[in-house]
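Next comes run-v3.tsv, a file with TSV, C-alpha atoms and all ligand atoms.
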```
chain	number	residue	atom	x	y	z
W	1	MET	CA	42.15	57.85	20.50
W	2	SER	CA	43.55	55.37	18.03
W	3	ALA	CA	47.15	54.20	17.69
W	4	LEU	CA	49.72	56.78	16.61
W	5	TRP	CA	52.34	56.99	13.91
W	6	ASP	CA	55.54	55.41	15.24
W	7	HIS	CA	58.76	57.03	14.03
W	8	ALA	CA	60.74	53.98	15.23
W	9	SER	CA	58.68	51.44	13.26
W	10	PRO	CA	59.98	49.54	10.20
W	11	GLU	CA	57.23	51.25	8.16
W	12	ALA	CA	58.54	54.69	9.17
W	13	ALA	CA	62.07	53.58	8.26
W	14	SER	CA	61.01	52.37	4.83
W	15	ALA	CA	59.07	55.60	4.29
W	16	ARG	CA	62.24	57.57	5.06
W	17	GLU	CA	64.20	55.36	2.61
W	18	ARG	CA	61.69	56.51	0.00
W	19	GLY	CA	62.22	60.16	0.96
W	20	ILE	CA	58.87	60.38	2.77
W	21	HIS	CA	58.69	61.88	6.24
W	22	CYS	CA	55.50	61.59	8.27
W	23	ILE	CA	54.77	64.71	10.29
W	24	PRO	CA	51.80	64.06	12.65
W	25	LEU	CA	50.01	67.25	13.67
W	26	PRO	CA	47.67	67.74	16.66
W	27	THR	CA	43.91	68.03	16.06
W	28	PRO	CA	41.07	68.76	18.50
W	29	PHE	CA	39.18	65.70	17.20
W	30	GLY	CA	38.65	62.25	18.72
W	31	ILE	CA	40.68	60.62	15.98
W	32	GLY	CA	43.83	62.27	17.37
W	33	PRO	CA	46.75	63.57	15.28
W	34	ILE	CA	46.58	63.74	11.50
W	35	ASN	CA	49.52	62.45	9.47
W	36	THR	CA	50.91	64.92	6.97
W	37	TYR	CA	53.69	63.68	4.69
W	38	LEU	CA	56.69	65.58	3.40
W	39	LEU	CA	57.99	64.21	0.10
W	40	ASP	CA	61.66	65.16	0.01
W	41	ASP	CA	61.72	65.33	-3.76
W	42	ASP	CA	61.62	67.88	-6.56
W	43	PRO	CA	59.20	69.58	-6.10
W	44	LEU	CA	59.37	69.52	-2.28
W	45	THR	CA	55.83	68.48	-1.42
W	46	LEU	CA	53.54	68.38	1.59
W	47	ILE	CA	50.55	66.04	1.47
W	48	ASP	CA	47.79	67.43	3.72
W	49	THR	CA	48.31	70.32	6.09
W	50	GLY	CA	46.52	69.73	9.39
W	51	PRO	CA	43.81	71.80	11.07
W	52	ASN	CA	43.86	75.59	11.00
W	53	SER	CA	45.44	76.10	14.43
W	54	GLY	CA	48.51	77.77	15.86
W	55	LEU	CA	49.35	74.50	17.57
W	56	ALA	CA	49.41	72.56	14.30
W	57	LEU	CA	51.35	75.32	12.50
W	58	ASP	CA	53.93	75.42	15.28
W	59	ALA	CA	54.32	71.63	15.27
W	60	LEU	CA	54.73	71.61	11.49
W	61	GLU	CA	57.42	74.32	11.55
W	62	LEU	CA	59.30	72.52	14.32
W	63	GLU	CA	59.27	69.18	12.50
W	64	LEU	CA	60.19	70.72	9.14
W	65	GLY	CA	63.07	72.45	10.92
W	66	LYS	CA	64.37	69.09	12.22
W	67	LEU	CA	64.48	67.97	8.58
W	68	GLY	CA	66.36	71.12	7.58
W	69	LYS	CA	63.34	72.64	5.82
W	70	LYS	CA	60.98	75.51	6.36
W	71	ILE	CA	57.47	76.36	5.19
W	72	GLU	CA	58.87	78.82	2.63
W	73	ASP	CA	60.71	75.89	0.96
W	74	LEU	CA	57.50	74.04	0.04
W	75	GLU	CA	57.00	73.77	-3.74
W	76	LEU	CA	53.75	71.81	-3.88
W	77	ILE	CA	50.86	71.18	-1.47
W	78	ILE	CA	48.45	68.29	-2.07
W	79	VAL	CA	45.04	67.98	-0.37
W	80	SER	CA	43.75	64.40	0.02
W	81	HIS	CA	40.09	65.16	0.84
W	82	GLN	CA	37.62	67.69	2.17
W	83	HIS	CA	37.86	67.08	5.93
W	84	MET	CA	39.12	70.01	7.95
W	85	ASP	CA	41.81	68.14	9.88
W	86	HIS	CA	43.53	67.55	6.51
W	87	LEU	CA	43.32	70.99	4.93
W	88	GLY	CA	42.95	73.79	7.49
W	89	LEU	CA	46.45	75.26	7.05
W	90	THR	CA	46.59	74.90	3.26
W	91	GLU	CA	45.92	78.55	2.39
W	92	ILE	CA	48.38	79.86	4.98
W	93	LEU	CA	51.13	77.49	3.81
W	94	ALA	CA	50.43	78.26	0.15
W	95	ARG	CA	50.62	82.00	0.79
W	96	ARG	CA	53.85	81.76	2.77
W	97	SER	CA	55.61	79.41	0.36
W	98	GLY	CA	54.05	80.37	-2.97
W	99	ALA	CA	53.51	76.63	-3.54
W	100	PRO	CA	50.71	75.57	-5.90
W	101	VAL	CA	47.84	73.62	-4.34
W	102	ALA	CA	46.79	70.35	-5.96
W	103	ALA	CA	43.47	68.62	-5.23
W	104	LEU	CA	40.80	66.65	-7.05
W	105	GLY	CA	39.17	68.91	-9.66
W	106	SER	CA	35.66	68.17	-8.41
W	107	LEU	CA	36.72	69.36	-4.95
W	108	VAL	CA	37.58	72.88	-6.17
W	109	PRO	CA	34.11	74.45	-5.58
W	110	CYS	CA	34.01	73.04	-2.03
W	111	LEU	CA	37.48	74.30	-1.14
W	112	SER	CA	36.95	77.75	-2.63
W	113	ARG	CA	33.78	78.39	-0.59
W	114	TYR	CA	34.59	76.20	2.39
W	115	ASP	CA	32.47	77.92	5.05
W	116	GLU	CA	29.36	77.98	2.88
W	117	TRP	CA	30.03	74.39	1.87
W	118	MET	CA	30.29	73.25	5.48
W	119	GLU	CA	27.11	75.15	6.35
W	120	ALA	CA	25.34	73.42	3.44
W	121	ASP	CA	26.72	70.04	4.54
W	122	ASP	CA	25.37	70.69	8.04
W	123	ARG	CA	21.91	71.58	6.73
W	124	PHE	CA	21.95	68.43	4.66
W	125	ALA	CA	23.07	66.33	7.65
W	126	ALA	CA	20.30	67.83	9.80
W	127	ALA	CA	17.70	66.93	7.16
W	128	VAL	CA	19.04	63.36	6.98
W	129	MET	CA	19.01	63.07	10.78
W	130	LEU	CA	15.44	64.35	11.12
W	131	ARG	CA	14.20	62.03	8.40
W	132	HIS	CA	15.77	59.07	10.17
W	133	GLY	CA	14.34	59.72	13.60
W	134	ILE	CA	17.07	61.62	15.45
W	135	PRO	CA	15.38	64.01	17.90
W	136	GLU	CA	15.31	67.66	16.87
W	137	GLU	CA	17.20	68.82	19.98
W	138	THR	CA	20.07	66.44	19.13
W	139	CYS	CA	20.20	67.86	15.57
W	140	LEU	CA	20.31	71.41	16.93
W	141	ALA	CA	23.02	70.54	19.45
W	142	LEU	CA	25.09	68.85	16.77
W	143	ARG	CA	24.77	71.85	14.45
W	144	SER	CA	26.09	74.21	17.09
W	145	VAL	CA	28.97	71.85	17.88
W	146	SER	CA	29.73	71.68	14.18
W	147	ARG	CA	29.66	75.49	13.87
W	148	SER	CA	32.09	75.79	16.75
W	149	PHE	CA	34.46	73.42	14.88
W	150	ARG	CA	34.18	75.28	11.59
W	151	GLY	CA	37.25	77.46	12.13
W	152	TRP	CA	39.55	74.41	12.09
W	153	GLY	CA	39.01	74.35	8.33
W	154	ALA	CA	39.57	77.19	5.86
W	155	ALA	CA	38.92	78.00	2.23
W	156	THR	CA	41.76	77.48	-0.20
W	157	THR	CA	42.40	78.14	-3.88
W	158	VAL	CA	43.30	75.03	-5.84
W	159	THR	CA	45.78	75.96	-8.57
W	160	GLN	CA	46.40	72.43	-9.85
W	161	PRO	CA	43.18	70.41	-10.27
W	162	LEU	CA	43.75	66.64	-10.38
W	163	GLU	CA	41.83	64.01	-12.30
W	164	GLN	CA	41.25	60.30	-11.70
W	165	GLY	CA	44.13	58.42	-13.36
W	166	GLY	CA	46.27	61.54	-13.71
W	167	GLU	CA	49.95	61.64	-12.79
W	168	LEU	CA	52.07	63.86	-10.59
W	169	LYS	CA	55.68	63.74	-11.73
W	170	PHE	CA	58.60	64.27	-9.37
W	171	ARG	CA	62.36	63.86	-9.77
W	172	ASP	CA	62.38	60.52	-7.91
W	173	ARG	CA	58.84	59.20	-8.38
W	174	THR	CA	55.53	59.42	-10.18
W	175	LEU	CA	52.30	59.42	-8.20
W	176	THR	CA	49.11	58.22	-9.88
W	177	VAL	CA	45.92	59.88	-8.70
W	178	HIS	CA	43.02	57.61	-7.74
W	179	HIS	CA	39.62	58.92	-6.64
W	180	ARG	CA	38.32	56.58	-3.91
W	181	PRO	CA	35.14	58.14	-2.50
W	182	GLY	CA	33.24	56.71	0.47
W	183	HIS	CA	34.77	58.06	3.66
W	184	SER	CA	34.13	61.44	2.03
W	185	PRO	CA	33.03	62.24	-1.54
W	186	SER	CA	36.51	63.54	-2.39
W	187	ASP	CA	38.91	60.90	-1.00
W	188	THR	CA	41.97	60.79	-3.20
W	189	ILE	CA	44.86	58.37	-2.86
W	190	PHE	CA	48.29	58.59	-4.48
W	191	PHE	CA	50.13	55.50	-5.73
W	192	ASP	CA	53.82	55.23	-6.50
W	193	ALA	CA	53.91	51.99	-8.51
W	194	ASP	CA	57.73	51.90	-8.87
W	195	ASN	CA	58.26	52.10	-5.12
W	196	ARG	CA	55.06	50.14	-4.33
W	197	THR	CA	53.93	52.89	-1.98
W	198	LEU	CA	50.38	54.08	-1.39
W	199	LEU	CA	49.54	57.37	0.27
W	200	ALA	CA	46.05	56.38	1.40
W	201	ALA	CA	44.86	59.30	3.56
W	202	ASP	CA	41.58	58.34	5.30
W	203	HIS	CA	40.52	55.82	2.65
W	204	LEU	CA	42.33	53.03	4.47
W	205	ILE	CA	43.50	53.29	8.09
W	206	ALA	CA	44.87	50.28	9.98
W	207	SER	CA	44.04	51.42	13.49
W	208	VAL	CA	40.38	52.31	12.92
W	209	SER	CA	37.65	51.47	10.41
W	210	SER	CA	37.08	54.62	8.27
W	211	ASN	CA	33.62	56.14	8.71
W	212	PRO	CA	31.58	56.15	5.49
W	213	LEU	CA	30.11	59.56	6.28
W	214	ILE	CA	26.99	60.58	4.39
W	215	ALA	CA	27.79	63.93	2.76
W	216	ARG	CA	26.41	66.11	-0.01
W	217	PRO	CA	27.68	65.07	-3.44
W	218	LEU	CA	30.50	67.26	-4.79
W	219	ASP	CA	28.38	68.29	-7.77
W	220	ALA	CA	25.35	69.36	-5.69
W	221	PRO	CA	24.85	73.13	-6.09
W	222	LEU	CA	25.20	75.04	-2.81
W	223	GLU	CA	21.71	76.48	-3.29
W	224	GLU	CA	20.14	73.03	-3.10
W	225	ALA	CA	21.13	72.81	0.52
W	226	GLU	CA	18.11	75.02	1.23
W	227	ASP	CA	16.05	72.00	0.33
W	228	ALA	CA	18.39	69.43	1.76
W	229	GLY	CA	15.59	67.00	2.51
W	230	LYS	CA	14.95	66.49	-1.17
W	231	LEU	CA	18.55	65.86	-2.10
W	232	ALA	CA	19.04	62.13	-2.59
W	233	ARG	CA	21.08	60.56	0.20
W	234	PRO	CA	24.34	59.16	-1.23
W	235	LYS	CA	24.88	55.49	-0.41
W	236	SER	CA	28.22	56.18	1.25
W	237	LEU	CA	29.00	52.71	2.56
W	238	MET	CA	28.27	51.05	-0.79
W	239	ILE	CA	30.41	53.67	-2.52
W	240	TYR	CA	33.12	53.03	0.05
W	241	LEU	CA	33.01	49.24	-0.34
W	242	GLU	CA	33.32	49.66	-4.11
W	243	SER	CA	36.35	51.92	-3.61
W	244	LEU	CA	37.92	49.39	-1.22
W	245	ALA	CA	37.44	46.64	-3.82
W	246	LYS	CA	39.36	48.75	-6.36
W	247	THR	CA	42.19	49.39	-3.90
W	248	ARG	CA	42.30	45.69	-3.04
W	249	GLU	CA	43.26	44.96	-6.66
W	250	MET	CA	46.15	47.43	-6.58
W	251	GLU	CA	48.82	44.87	-5.89
W	252	PRO	CA	51.63	44.91	-5.25
W	253	ILE	CA	51.92	47.47	-2.48
W	254	ASP	CA	54.67	47.21	0.13
W	255	LEU	CA	53.92	50.29	2.19
W	256	ILE	CA	50.66	52.08	2.99
W	257	LEU	CA	50.85	55.52	4.56
W	258	PRO	CA	47.48	56.50	6.09
W	259	GLY	CA	46.01	59.82	7.21
W	260	HIS	CA	45.91	58.68	10.84
W	261	GLY	CA	47.81	56.13	12.89
W	262	PRO	CA	50.73	53.86	11.99
W	263	GLY	CA	51.91	52.86	8.52
W	264	PHE	CA	51.22	49.27	7.46
W	265	THR	CA	51.98	46.70	4.81
W	266	ASP	CA	49.16	44.28	3.99
W	267	HIS	CA	46.31	46.19	2.40
W	268	VAL	CA	44.58	43.06	1.05
W	269	GLU	CA	44.29	41.45	4.48
W	270	LEU	CA	43.06	44.70	6.03
W	271	ILE	CA	40.47	45.27	3.31
W	272	ASP	CA	39.21	41.69	3.70
W	273	GLN	CA	38.83	42.31	7.45
W	274	ARG	CA	36.83	45.46	6.69
W	275	PHE	CA	34.58	43.53	4.29
W	276	GLN	CA	33.94	40.92	6.99
W	277	LEU	CA	33.26	43.57	9.63
W	278	HIS	CA	30.70	45.29	7.42
W	279	GLU	CA	29.06	41.99	6.51
W	280	ARG	CA	28.69	41.08	10.19
W	281	ARG	CA	27.17	44.46	10.98
W	282	ALA	CA	24.73	44.25	8.06
W	283	ASP	CA	23.61	40.80	9.26
W	284	LYS	CA	23.16	42.11	12.79
W	285	LEU	CA	21.06	45.03	11.53
W	286	TYR	CA	19.00	42.69	9.38
W	287	GLY	CA	18.24	40.63	12.49
W	288	LEU	CA	17.01	43.77	14.28
W	289	ILE	CA	14.89	44.87	11.32
W	290	ALA	CA	13.41	41.37	10.94
W	291	GLU	CA	12.18	41.58	14.56
W	292	GLN	CA	10.28	44.81	13.91
W	293	PRO	CA	10.43	47.86	11.62
W	294	ARG	CA	13.00	50.35	12.84
W	295	SER	CA	14.23	53.86	12.05
W	296	GLY	CA	17.87	54.64	11.30
W	297	TYR	CA	18.14	56.16	14.78
W	298	ASP	CA	16.78	52.96	16.39
W	299	LEU	CA	19.36	50.94	14.50
W	300	ALA	CA	22.26	53.24	15.40
W	301	GLN	CA	21.24	53.06	19.05
W	302	ALA	CA	20.88	49.29	18.94
W	303	LEU	CA	24.42	48.98	17.55
W	304	TRP	CA	26.24	51.65	19.52
W	305	GLY	CA	23.92	52.63	22.41
W	306	ASN	CA	23.34	56.23	23.45
W	307	VAL	CA	26.40	57.89	21.97
W	308	ALA	CA	27.66	61.43	22.53
W	309	VAL	CA	25.93	64.11	20.46
W	310	THR	CA	29.07	64.54	18.34
W	311	GLN	CA	28.90	60.87	17.34
W	312	ALA	CA	25.20	60.83	16.42
W	313	TYR	CA	25.73	61.55	12.74
W	314	LEU	CA	28.67	59.13	12.42
W	315	THR	CA	26.69	56.24	13.85
W	316	LEU	CA	23.58	57.10	11.83
W	317	SER	CA	25.71	57.27	8.66
W	318	GLU	CA	27.10	53.83	9.33
W	319	ALA	CA	23.70	52.28	10.20
W	320	LEU	CA	22.14	53.75	7.04
W	321	GLY	CA	25.11	52.47	5.06
W	322	HIS	CA	24.34	48.90	6.10
W	323	VAL	CA	20.64	49.40	5.43
W	324	ASP	CA	21.54	50.54	1.89
W	325	VAL	CA	23.39	47.25	1.39
W	326	LEU	CA	20.37	45.29	2.69
W	327	ILE	CA	18.03	47.29	0.42
W	328	SER	CA	20.26	46.60	-2.59
W	329	GLU	CA	20.10	42.89	-1.73
W	330	GLY	CA	16.30	43.07	-1.65
W	331	ARG	CA	16.14	42.08	2.02
W	332	VAL	CA	14.89	45.39	3.41
W	333	ALA	CA	12.57	48.14	2.19
W	334	GLU	CA	12.31	51.80	3.21
W	335	ARG	CA	8.87	53.18	4.20
W	336	PHE	CA	7.72	56.48	5.62
W	337	ASP	CA	5.31	57.09	8.46
W	338	ASP	CA	2.78	59.96	8.51
W	339	ASP	CA	5.21	62.56	9.83
W	340	GLY	CA	7.78	61.69	7.12
W	341	THR	CA	10.16	59.66	9.31
W	342	ALA	CA	11.75	56.81	7.39
W	343	TYR	CA	11.74	53.32	8.80
W	344	PHE	CA	13.01	50.04	7.50
W	345	GLU	CA	11.25	46.69	7.36
W	346	ALA	CA	12.19	43.21	6.17
W	347	THR	CA	10.74	42.44	2.75
W	348	SER	CA	10.00	38.77	3.43
W	349	SER	CA	10.69	36.08	5.95
W	350	PRO	CA	13.92	34.16	5.42
W	351	THR	CA	13.50	31.34	2.88
W	352	SER	CA	15.71	28.80	4.62
W	401	ZN	ZN	38.67	62.31	6.80
```
As a first step, turn the structure in this file into structure tokens.
Amino acid sequence: MSALWDHASPEAASARERGIHCIPLPTPFGIGPINTYLLDDDPLTLIDTGPNSGLALDALELELGKLGKKIEDLELIIVSHQHMDHLGLTEILARRSGAPVAALGSLVPCLSRYDEWMEADDRFAAAVMLRHGIPEETCLALRSVSRSFRGWGAATTVTQPLEQGGELKFRDRTLTVHHRPGHSPSDTIFFDADNRTLLAADHLIASVSSNPLIARPLDAPLEEAEDAGKLARPKSLMIYLESLAKTREMEPIDLILPGHGPGFTDHVELIDQRFQLHERRADKLYGLIAEQPRSGYDLAQALWGNVAVTQAYLTLSEALGHVDVLISEGRVAERFDDDGTAYFEATSSPTS
């Protein structure tokens, strides 16, 4: 588990000065608690809602109570992205409070048919895993784990679709909406330029490098999941690095409030560290590919060893992300063997 939000930290204090209260909620996932944020403003707003569990609902009610609020007081709910630890309670909270639900417009189809969407995502993930050499029994095991997790998310009706560059106006602040895909296709961050505050969700986390998970594009019709193998694989890491580069230019920011772990201050330094980390990993993978052609599964294993079944797709996503970078640089090419498994080979020997 990564580091936790610290209510006694200077970052928590400066969040409170800005009328922002972090309410971490328990999740059943390895990442640990998810940070929801209460904006004590007009409208009274909750950013992200936690997984769909009694434990999370109870914790939220308790913490709201300490702040003199209750669920029925909420006047706006904002969803940062499509992952279940961030949105599972949204529909329940919206129903109890009558609050409108705001989320990226392109996320609306996914949120309205969440179960089907997750099932389609899983079929797509299984097709990607098979193509890249992950054994069939691992794919099957992962799909049943994923099904057993499905109830932590829940469908929700978005009543206020958001657009890139749009604004959310409050009594004490204005939040600008920025779409920053990569960790998921729908990552949305919210910037308060006057108070130099960024609500970053899972786009930028100090305590852990965000996974650039390969997921179905938001505009892919659900029906296409039947033929998931033919759907082009999004280059999630490249998309993510591009998003990070945009966020890097968003100076000045004094306070970053992430979806997990502690708040932090220097986004430029952190983003530069992430760039370096990904460059090192790409170089390491290139070295492995230059030795001999390898599948995505080989590469994930070489980097992270034999990981738990639940981590197989995360590590494959990251390995393929680096391969995409190497392919775009012309250093690596993708080939297929007779049974359709993809493997990667170096395009030429190093020139120097
Ligand atoms: Zn996430």
What residues of the protein or nucleic acid chains come within 10 Å of ligand ZN 401 (chain W) when you use only C-alpha atoms and all ligand atoms? Reply as a VMD selection string. chain W and resid 31 34 80 to 86 183 to 184 186 to 187 201 to 203 210 to 213 259 to 260
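The nearest approach to Ala300 in chain W among the residues W:Arg248, W:Arg113, W:Arg281, W:Arg331, with only C-alpha atoms taken into account, belongs to W:Arg281.
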Interatomic distance, CA of Leu140 in chain W to CA of Ser209 in chain W (Å, one decimal): 27.2 Å
Using only C-alpha atoms, determine which residues lie at most 12 Å from Glu291 in chain W, disregarding the query and same-chain residues fewer than 5 positions distant; provide the list as JSON, numbers by chain. {"W": [284, 285, 286, 299, 344, 345, 346, 347, 348, 349, 350]}
May I have the residues within 8 Å of range 264-277 of chain W as a VMD selection string, using all atoms listed in the file and disregarding those fewer than 5 positions away in the same chain? chain W and resid 11 206 209 241 244 to 245 248 253 to 257
Suppose you want the space between CA of Arg173 in chain W and CA of Ile77 in chain W; what is it in Å? 16.0 Å
When distances are computed from all atoms listed in the file, which of W:Ala319, W:Leu198, W:Ile189, W:Ile289 shows the smallest separation from Ser243 in chain W?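 Answer, going by the shortest atom-to-atom distance: W:Ile189.
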What separation in Å, quoted to one decimal, exists between CA of Ala302 in chain W and CA of Ser207 in chain W?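 Between CA of Ala302 in chain W and CA of Ser207 in chain W the gap is 23.9 Å.
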Give me the residues within 10 Å of Met129 in chain W as a ChimeraX atom specification, counting all atoms listed in the file and dropping any in the same chain fewer than 2 places off. /W:123-127,131-136,138-139,229,296-297,312-313,316-317,341
Please produce a file of those selected residues containing C-alpha atoms, as a CSV table (one decimal), in the coordinates of the input.
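Writing the result to selection22.csv gives the following:
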```csv
chain,number,residue,atom,x,y,z
W,123,ARG,CA,21.9,71.6,6.7
W,124,PHE,CA,22.0,68.4,4.7
W,125,ALA,CA,23.1,66.3,7.6
W,126,ALA,CA,20.3,67.8,9.8
W,127,ALA,CA,17.7,66.9,7.2
W,131,ARG,CA,14.2,62.0,8.4
W,132,HIS,CA,15.8,59.1,10.2
W,133,GLY,CA,14.3,59.7,13.6
W,134,ILE,CA,17.1,61.6,15.4
W,135,PRO,CA,15.4,64.0,17.9
W,136,GLU,CA,15.3,67.7,16.9
W,138,THR,CA,20.1,66.4,19.1
W,139,CYS,CA,20.2,67.9,15.6
W,229,GLY,CA,15.6,67.0,2.5
W,296,GLY,CA,17.9,54.6,11.3
W,297,TYR,CA,18.1,56.2,14.8
W,312,ALA,CA,25.2,60.8,16.4
W,313,TYR,CA,25.7,61.6,12.7
W,316,LEU,CA,23.6,57.1,11.8
W,317,SER,CA,25.7,57.3,8.7
W,341,THR,CA,10.2,59.7,9.3
```
Which one is closest to Leu60 in chain W: W:Val79, W:Asp172, W:Gly30, W:Pro24? Count all atoms listed in the file.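 Among the listed residues, the smallest separation from Leu60 in chain W belongs to W:Pro24.
For the choices W:Ala3, W:Ala8, W:Val101, W:Ile92, the atom-to-atom distance to Asn35 in chain W is smallest for W:Ala3 when using all atoms listed in the file.
For the choices W:Phe336, W:Phe170, W:Trp5, W:Phe149, the atom-to-atom distance to Glu119 in chain W is smallest for W:Phe149 when using all atoms listed in the file.
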So that each row is one residue of range 81-119 of chain W with an atom at most 6 Å from range 46-49 of chain W, can you give its shortest atom pair and the distance in Å to one decimal, using all atoms listed in the file, rows by chain and rising number, as JSON lines?
```
{"residue": "W:His86", "atom": "CA", "partner": "W:Asp48", "partner_atom": "CA", "distance": 5.1}
{"residue": "W:Leu87", "atom": "CA", "partner": "W:Thr49", "partner_atom": "CA", "distance": 5.2}
{"residue": "W:Leu89", "atom": "CA", "partner": "W:Thr49", "partner_atom": "CA", "distance": 5.4}
{"residue": "W:Thr90", "atom": "CA", "partner": "W:Thr49", "partner_atom": "CA", "distance": 5.7}
```
Give the answer as one residue: which of W:Arg171, W:Arg180, W:His21, W:Arg143 has the shortest atom-to-atom distance to Glu63 in chain W, using all atoms listed in the file?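 So, comparing all the options, the nearest one is W:His21.
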Excluding Pro109 in chain W and its own-chain neighbours fewer than 4 positions away, which residues fall within 12 Å of it when counting only C-alpha atoms? Please give them as a PyMOL selection string. chain W and resi 82+103-105+113-118+155-158+161+186+217-222
